[in-house]
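Novice: Here it is: the structure, laid out below.
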Amino acid sequence: MTALLAPLLLGLTGGVVDLYVQQNQQAMMKTAADSAALAAAKEASLKGWSAQTARSVANSVIMANVEGKAFSHGTSFVADVRVDESAKSVEVILDMNQHSFFVLGYFRKDPQIRVSSTARAVGETSLCVIGLDPASASTIQLSGEAKLTAPGCAVQSNSKSANGLASVDTAVLDAA
């Protein structure tokens with residue numbers, strides 16, 4: 001009886017482990033695709049909009065999120081980054097192939113796992129000046145007779161302070 005049930009129990013156990021591994025890898029891949037699409041749309045919009053920048057950033061983020069992760073030997077990832085310049089959107093499709101599943105490998109052909117994510121840039125203003133200190137008052141400060149003119153550009157302070165962007169005396173800031 002044990003000899004008859006052992007292969008069935010082994011296959012069932014392998015299937016459960018495969019499902020667990022597949023769900024974890026799919027979640028990791030979805031996170032990588034989401035991160036890549038968001039980063040690409042955000043970075044491409046900083047310079048007015050650049051499809052080449054979007055592709056480059058998306059591929060870099062995907063590699064950073066996939067390299068060094070615990071996958072079986074021979075597992076490959078294929079990334080397809082689609083950029084729609086008119087809609088200012090980036091779609092990232094990430095496929096995983098050739099993973100050595102115990103049971104699922106017999107039933108799932110390549111791509112074994114496919115995830116996709118789309119992000120769209122909103123707004124047309126380039127970011128020209130940014131204050132990075134999140135805690136400081138006057139992260140960006142103009143004083144005296146200073147004059148900053150940035151037509152078509154945004155000026156942003158990441159400070160949580162109400163005075164994160166300050167202009168004193170006769171200083172003038174003219175930006176989009």
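We label chains A, B, ... in the order they appear in the structure tokens, count residues from 1 in each chain, and number ligands from 1 in the order shown.
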Using only C-alpha atoms, which protein or nucleic acid residues come within 6 Å of Ala166 in chain A? Drop anything in the same chain fewer than 3 positions from it, and give the result as a list in words.

Specialist: Ser138, Gln141 and Asn163 of chain A

Novice: Write out as JSON, numbers by chain the residues lying within 12 Å of Gly164 in chain A, counting only C-alpha atoms and excluding same-chain residues fewer than 4 positions away.

Specialist: {"A": [130, 131, 132, 133, 134, 135, 136, 137, 138, 139, 140, 141, 142, 155, 156, 157, 158, 159, 160]}

Novice: Using the selection just defined, write its residues with N, CA, C and O atoms as a PDB file, in the first residue's frame.

Specialist:
ATOM      1  N   ILE A 130      15.384  71.011  -7.785  1.00  0.00           N
ATOM      2  CA  ILE A 130      14.765  70.217  -6.739  1.00  0.00           C
ATOM      3  C   ILE A 130      15.602  70.316  -5.469  1.00  0.00           C
ATOM      4  O   ILE A 130      16.818  70.189  -5.504  1.00  0.00           O
ATOM      5  N   GLY A 131      14.924  70.600  -4.356  1.00  0.00           N
ATOM      6  CA  GLY A 131      15.576  70.613  -3.049  1.00  0.00           C
ATOM      7  C   GLY A 131      15.322  69.266  -2.395  1.00  0.00           C
ATOM      8  O   GLY A 131      14.170  68.865  -2.218  1.00  0.00           O
ATOM      9  N   LEU A 132      16.364  68.547  -2.039  1.00  0.00           N
ATOM     10  CA  LEU A 132      16.215  67.165  -1.594  1.00  0.00           C
ATOM     11  C   LEU A 132      16.073  66.980  -0.093  1.00  0.00           C
ATOM     12  O   LEU A 132      15.595  65.934   0.340  1.00  0.00           O
ATOM     13  N   ASP A 133      16.485  67.939   0.722  1.00  0.00           N
ATOM     14  CA  ASP A 133      16.457  67.758   2.173  1.00  0.00           C
ATOM     15  C   ASP A 133      15.009  67.707   2.662  1.00  0.00           C
ATOM     16  O   ASP A 133      14.276  68.688   2.561  1.00  0.00           O
ATOM     17  N   PRO A 134      14.564  66.569   3.210  1.00  0.00           N
ATOM     18  CA  PRO A 134      13.155  66.435   3.606  1.00  0.00           C
ATOM     19  C   PRO A 134      12.811  67.116   4.926  1.00  0.00           C
ATOM     20  O   PRO A 134      11.637  67.301   5.233  1.00  0.00           O
ATOM     21  N   ALA A 135      13.790  67.525   5.701  1.00  0.00           N
ATOM     22  CA  ALA A 135      13.504  68.050   7.036  1.00  0.00           C
ATOM     23  C   ALA A 135      13.834  69.530   7.189  1.00  0.00           C
ATOM     24  O   ALA A 135      13.306  70.192   8.079  1.00  0.00           O
ATOM     25  N   SER A 136      14.672  70.069   6.358  1.00  0.00           N
ATOM     26  CA  SER A 136      15.172  71.427   6.532  1.00  0.00           C
ATOM     27  C   SER A 136      14.157  72.471   6.083  1.00  0.00           C
ATOM     28  O   SER A 136      13.493  72.324   5.064  1.00  0.00           O
ATOM     29  N   ALA A 137      14.079  73.547   6.872  1.00  0.00           N
ATOM     30  CA  ALA A 137      13.340  74.720   6.417  1.00  0.00           C
ATOM     31  C   ALA A 137      14.229  75.389   5.373  1.00  0.00           C
ATOM     32  O   ALA A 137      15.455  75.306   5.438  1.00  0.00           O
ATOM     33  N   SER A 138      13.638  76.012   4.393  1.00  0.00           N
ATOM     34  CA  SER A 138      14.371  76.703   3.330  1.00  0.00           C
ATOM     35  C   SER A 138      15.324  75.774   2.580  1.00  0.00           C
ATOM     36  O   SER A 138      16.484  76.103   2.357  1.00  0.00           O
ATOM     37  N   THR A 139      14.816  74.622   2.191  1.00  0.00           N
ATOM     38  CA  THR A 139      15.615  73.708   1.381  1.00  0.00           C
ATOM     39  C   THR A 139      16.024  74.413   0.092  1.00  0.00           C
ATOM     40  O   THR A 139      17.135  74.253  -0.385  1.00  0.00           O
ATOM     41  N   ILE A 140      15.125  75.195  -0.453  1.00  0.00           N
ATOM     42  CA  ILE A 140      15.437  76.084  -1.571  1.00  0.00           C
ATOM     43  C   ILE A 140      15.174  77.494  -1.084  1.00  0.00           C
ATOM     44  O   ILE A 140      14.065  77.809  -0.643  1.00  0.00           O
ATOM     45  N   GLN A 141      16.194  78.346  -1.138  1.00  0.00           N
ATOM     46  CA  GLN A 141      16.038  79.705  -0.618  1.00  0.00           C
ATOM     47  C   GLN A 141      16.689  80.702  -1.565  1.00  0.00           C
ATOM     48  O   GLN A 141      17.821  80.521  -2.004  1.00  0.00           O
ATOM     49  N   LEU A 142      15.951  81.758  -1.866  1.00  0.00           N
ATOM     50  CA  LEU A 142      16.478  82.874  -2.637  1.00  0.00           C
ATOM     51  C   LEU A 142      16.494  84.073  -1.708  1.00  0.00           C
ATOM     52  O   LEU A 142      15.525  84.301  -0.965  1.00  0.00           O
ATOM     53  N   VAL A 155       9.976  73.983 -10.083  1.00  0.00           N
ATOM     54  CA  VAL A 155      10.897  74.063  -8.959  1.00  0.00           C
ATOM     55  C   VAL A 155      10.200  73.357  -7.815  1.00  0.00           C
ATOM     56  O   VAL A 155       9.055  73.673  -7.482  1.00  0.00           O
ATOM     57  N   GLN A 156      10.859  72.367  -7.207  1.00  0.00           N
ATOM     58  CA  GLN A 156      10.215  71.544  -6.183  1.00  0.00           C
ATOM     59  C   GLN A 156      11.108  71.403  -4.966  1.00  0.00           C
ATOM     60  O   GLN A 156      12.299  71.188  -5.073  1.00  0.00           O
ATOM     61  N   SER A 157      10.480  71.517  -3.793  1.00  0.00           N
ATOM     62  CA  SER A 157      11.176  71.270  -2.539  1.00  0.00           C
ATOM     63  C   SER A 157      10.572  70.035  -1.904  1.00  0.00           C
ATOM     64  O   SER A 157       9.357  69.939  -1.738  1.00  0.00           O
ATOM     65  N   ASN A 158      11.406  69.083  -1.513  1.00  0.00           N
ATOM     66  CA  ASN A 158      10.924  67.872  -0.856  1.00  0.00           C
ATOM     67  C   ASN A 158      10.793  68.043   0.655  1.00  0.00           C
ATOM     68  O   ASN A 158      10.485  67.090   1.362  1.00  0.00           O
ATOM     69  N   SER A 159      11.038  69.242   1.150  1.00  0.00           N
ATOM     70  CA  SER A 159      10.971  69.491   2.579  1.00  0.00           C
ATOM     71  C   SER A 159       9.530  69.433   3.082  1.00  0.00           C
ATOM     72  O   SER A 159       8.603  69.897   2.420  1.00  0.00           O
ATOM     73  N   LYS A 160       9.356  68.897   4.269  1.00  0.00           N
ATOM     74  CA  LYS A 160       8.039  68.858   4.902  1.00  0.00           C
ATOM     75  C   LYS A 160       7.721  70.185   5.582  1.00  0.00           C
ATOM     76  O   LYS A 160       6.592  70.423   5.993  1.00  0.00           O
TER      77      LYS A 160
END

Novice: For Ser89 in chain A, list every protein, DNA or RNA residue within 10 Å, evaluated using only C-alpha atoms, and leave out those in the same chain fewer than 6 positions away; present the list as a list in words.

Specialist: Ala37, Leu38, Ala40, Ala41, Lys42, Ala44, Ser45, Trp49, Ala51, Ala54, Arg82, Val83, Thr118, Ala119, Arg120, Ala121 and Val122 of chain A

Novice: For the selection just defined, write its residues with N, CA, C and O atoms to a file, as a short mmCIF file (atom, residue, chain, number, x, y, z; two decimals), in the first residue's frame.

Specialist:
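selection-v8.cif was written with the following content:
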data_model
loop_
_atom_site.label_atom_id
_atom_site.label_comp_id
_atom_site.auth_asym_id
_atom_site.auth_seq_id
_atom_site.Cartn_x
_atom_site.Cartn_y
_atom_site.Cartn_z
N ALA A 37 8.12 50.13 -14.48
CA ALA A 37 7.20 50.99 -15.22
C ALA A 37 7.08 52.36 -14.56
O ALA A 37 7.11 53.40 -15.24
N LEU A 38 6.94 52.38 -13.24
CA LEU A 38 6.83 53.66 -12.53
C LEU A 38 8.10 54.50 -12.66
O LEU A 38 8.03 55.70 -12.93
N ALA A 40 10.41 54.32 -14.97
CA ALA A 40 10.61 54.74 -16.35
C ALA A 40 9.71 55.91 -16.72
O ALA A 40 10.17 56.87 -17.34
N ALA A 41 8.45 55.85 -16.34
CA ALA A 41 7.53 56.94 -16.66
C ALA A 41 7.95 58.22 -15.93
O ALA A 41 7.91 59.32 -16.51
N LYS A 42 8.36 58.08 -14.69
CA LYS A 42 8.77 59.25 -13.92
C LYS A 42 10.05 59.87 -14.47
O LYS A 42 10.14 61.08 -14.67
N ALA A 44 11.44 59.49 -17.50
CA ALA A 44 11.28 59.98 -18.87
C ALA A 44 10.58 61.33 -18.90
O ALA A 44 10.87 62.16 -19.75
N SER A 45 9.68 61.56 -17.96
CA SER A 45 8.94 62.82 -17.96
C SER A 45 9.76 63.98 -17.39
O SER A 45 9.41 65.14 -17.59
N TRP A 49 10.00 64.28 -22.03
CA TRP A 49 9.56 62.92 -22.37
C TRP A 49 10.55 62.33 -23.34
O TRP A 49 10.80 62.85 -24.42
N ALA A 51 11.52 58.49 -24.89
CA ALA A 51 11.26 57.04 -24.98
C ALA A 51 12.54 56.25 -24.71
O ALA A 51 12.50 55.20 -24.06
N ALA A 54 13.10 56.13 -21.05
CA ALA A 54 12.13 55.22 -20.42
C ALA A 54 12.58 53.77 -20.56
O ALA A 54 12.54 53.01 -19.59
N ARG A 82 7.59 48.45 -23.69
CA ARG A 82 6.88 49.12 -24.78
C ARG A 82 6.58 50.55 -24.35
O ARG A 82 5.97 50.77 -23.30
N VAL A 83 7.01 51.49 -25.17
CA VAL A 83 6.82 52.90 -24.86
C VAL A 83 5.88 53.51 -25.88
O VAL A 83 6.10 53.40 -27.09
N THR A 118 1.76 48.75 -16.39
CA THR A 118 1.76 49.94 -17.22
C THR A 118 1.70 51.17 -16.33
O THR A 118 0.94 51.21 -15.37
N ALA A 119 2.53 52.16 -16.65
CA ALA A 119 2.51 53.44 -15.93
C ALA A 119 2.45 54.55 -16.97
O ALA A 119 3.01 54.42 -18.06
N ARG A 120 1.76 55.61 -16.60
CA ARG A 120 1.61 56.74 -17.52
C ARG A 120 2.07 58.02 -16.84
O ARG A 120 1.70 58.28 -15.70
N ALA A 121 2.86 58.79 -17.54
CA ALA A 121 3.31 60.08 -17.02
C ALA A 121 2.20 61.10 -17.20
O ALA A 121 1.56 61.16 -18.23
N VAL A 122 1.99 61.89 -16.17
CA VAL A 122 0.98 62.93 -16.22
C VAL A 122 1.67 64.26 -16.02
O VAL A 122 2.53 64.41 -15.16
#

Novice: Just to confirm, what's the straight-line distance from CA of Asp169 in chain A to CA of Ala150 in chain A in Å (one decimal)?

Specialist: 19.6 Å

Novice: Quick one: pick out all strand (DSSP E or B) residues within range 1-148 of chain A from a backbone DSSP run and write them as a PyMOL selection string.

Specialist: chain A and resi 76-84+89-97+113-120+126-131+140-142+147-148

Novice: Would you mind exporting the chosen residues as a JSON list (two decimals), in the first residue's frame, restricted to C-alpha atoms?

Specialist:
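As a result, selection_13.json now contains:
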[["chain", "number", "residue", "atom", "x", "y", "z"],
["A", 76, "SER", "CA", 15.83, 33.08, -17.69],
["A", 77, "PHE", "CA", 13.93, 36.33, -17.72],
["A", 78, "VAL", "CA", 12.82, 38.18, -20.82],
["A", 79, "ALA", "CA", 11.73, 41.79, -20.52],
["A", 80, "ASP", "CA", 9.73, 43.63, -23.14],
["A", 81, "VAL", "CA", 9.46, 47.39, -22.60],
["A", 82, "ARG", "CA", 6.88, 49.12, -24.78],
["A", 83, "VAL", "CA", 6.82, 52.90, -24.86],
["A", 84, "ASP", "CA", 3.88, 54.87, -26.25],
["A", 89, "SER", "CA", 3.03, 55.49, -21.08],
["A", 90, "VAL", "CA", 5.42, 52.65, -20.41],
["A", 91, "GLU", "CA", 4.34, 49.00, -20.41],
["A", 92, "VAL", "CA", 6.69, 46.41, -18.96],
["A", 93, "ILE", "CA", 6.11, 42.72, -19.71],
["A", 94, "LEU", "CA", 8.33, 40.29, -17.82],
["A", 95, "ASP", "CA", 8.45, 36.57, -18.64],
["A", 96, "MET", "CA", 10.16, 33.80, -16.68],
["A", 97, "ASN", "CA", 11.24, 30.70, -18.60],
["A", 113, "ILE", "CA", 5.14, 33.09, -15.59],
["A", 114, "ARG", "CA", 4.16, 36.35, -17.32],
["A", 115, "VAL", "CA", 3.45, 39.63, -15.56],
["A", 116, "SER", "CA", 2.87, 43.10, -16.92],
["A", 117, "SER", "CA", 2.58, 46.61, -15.60],
["A", 118, "THR", "CA", 1.76, 49.94, -17.22],
["A", 119, "ALA", "CA", 2.51, 53.44, -15.93],
["A", 120, "ARG", "CA", 1.61, 56.74, -17.52],
["A", 126, "SER", "CA", 10.16, 69.47, -16.73],
["A", 127, "LEU", "CA", 11.71, 69.53, -13.28],
["A", 128, "CYS", "CA", 14.67, 71.91, -13.29],
["A", 129, "VAL", "CA", 15.36, 72.61, -9.60],
["A", 130, "ILE", "CA", 14.76, 70.22, -6.74],
["A", 131, "GLY", "CA", 15.58, 70.61, -3.05],
["A", 140, "ILE", "CA", 15.44, 76.08, -1.57],
["A", 141, "GLN", "CA", 16.04, 79.71, -0.62],
["A", 142, "LEU", "CA", 16.48, 82.87, -2.64],
["A", 147, "LYS", "CA", 16.46, 86.09, -9.52],
["A", 148, "LEU", "CA", 15.73, 82.59, -10.79]]

Novice: Could you tell me how far CA of Gln22 in chain A lies from CA of Ala39 in chain A, in Å and to one decimal?

Specialist: 25.5 Å

Novice: If you run DSSP over the backbone, which residues in range 1-175 of chain A end up helix (DSSP H, G or I)? Put them as a ChimeraX atom specification.

Specialist: /A:2-46,51-66,104-106

Novice: With only C-alpha atoms as the basis for distance, which of A:Leu173, A:Thr13, A:Leu4, A:Thr31 is at the shortest distance from Pro151 in chain A?

Specialist: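 Smallest separation from Pro151 in chain A among the options: A:Leu173.
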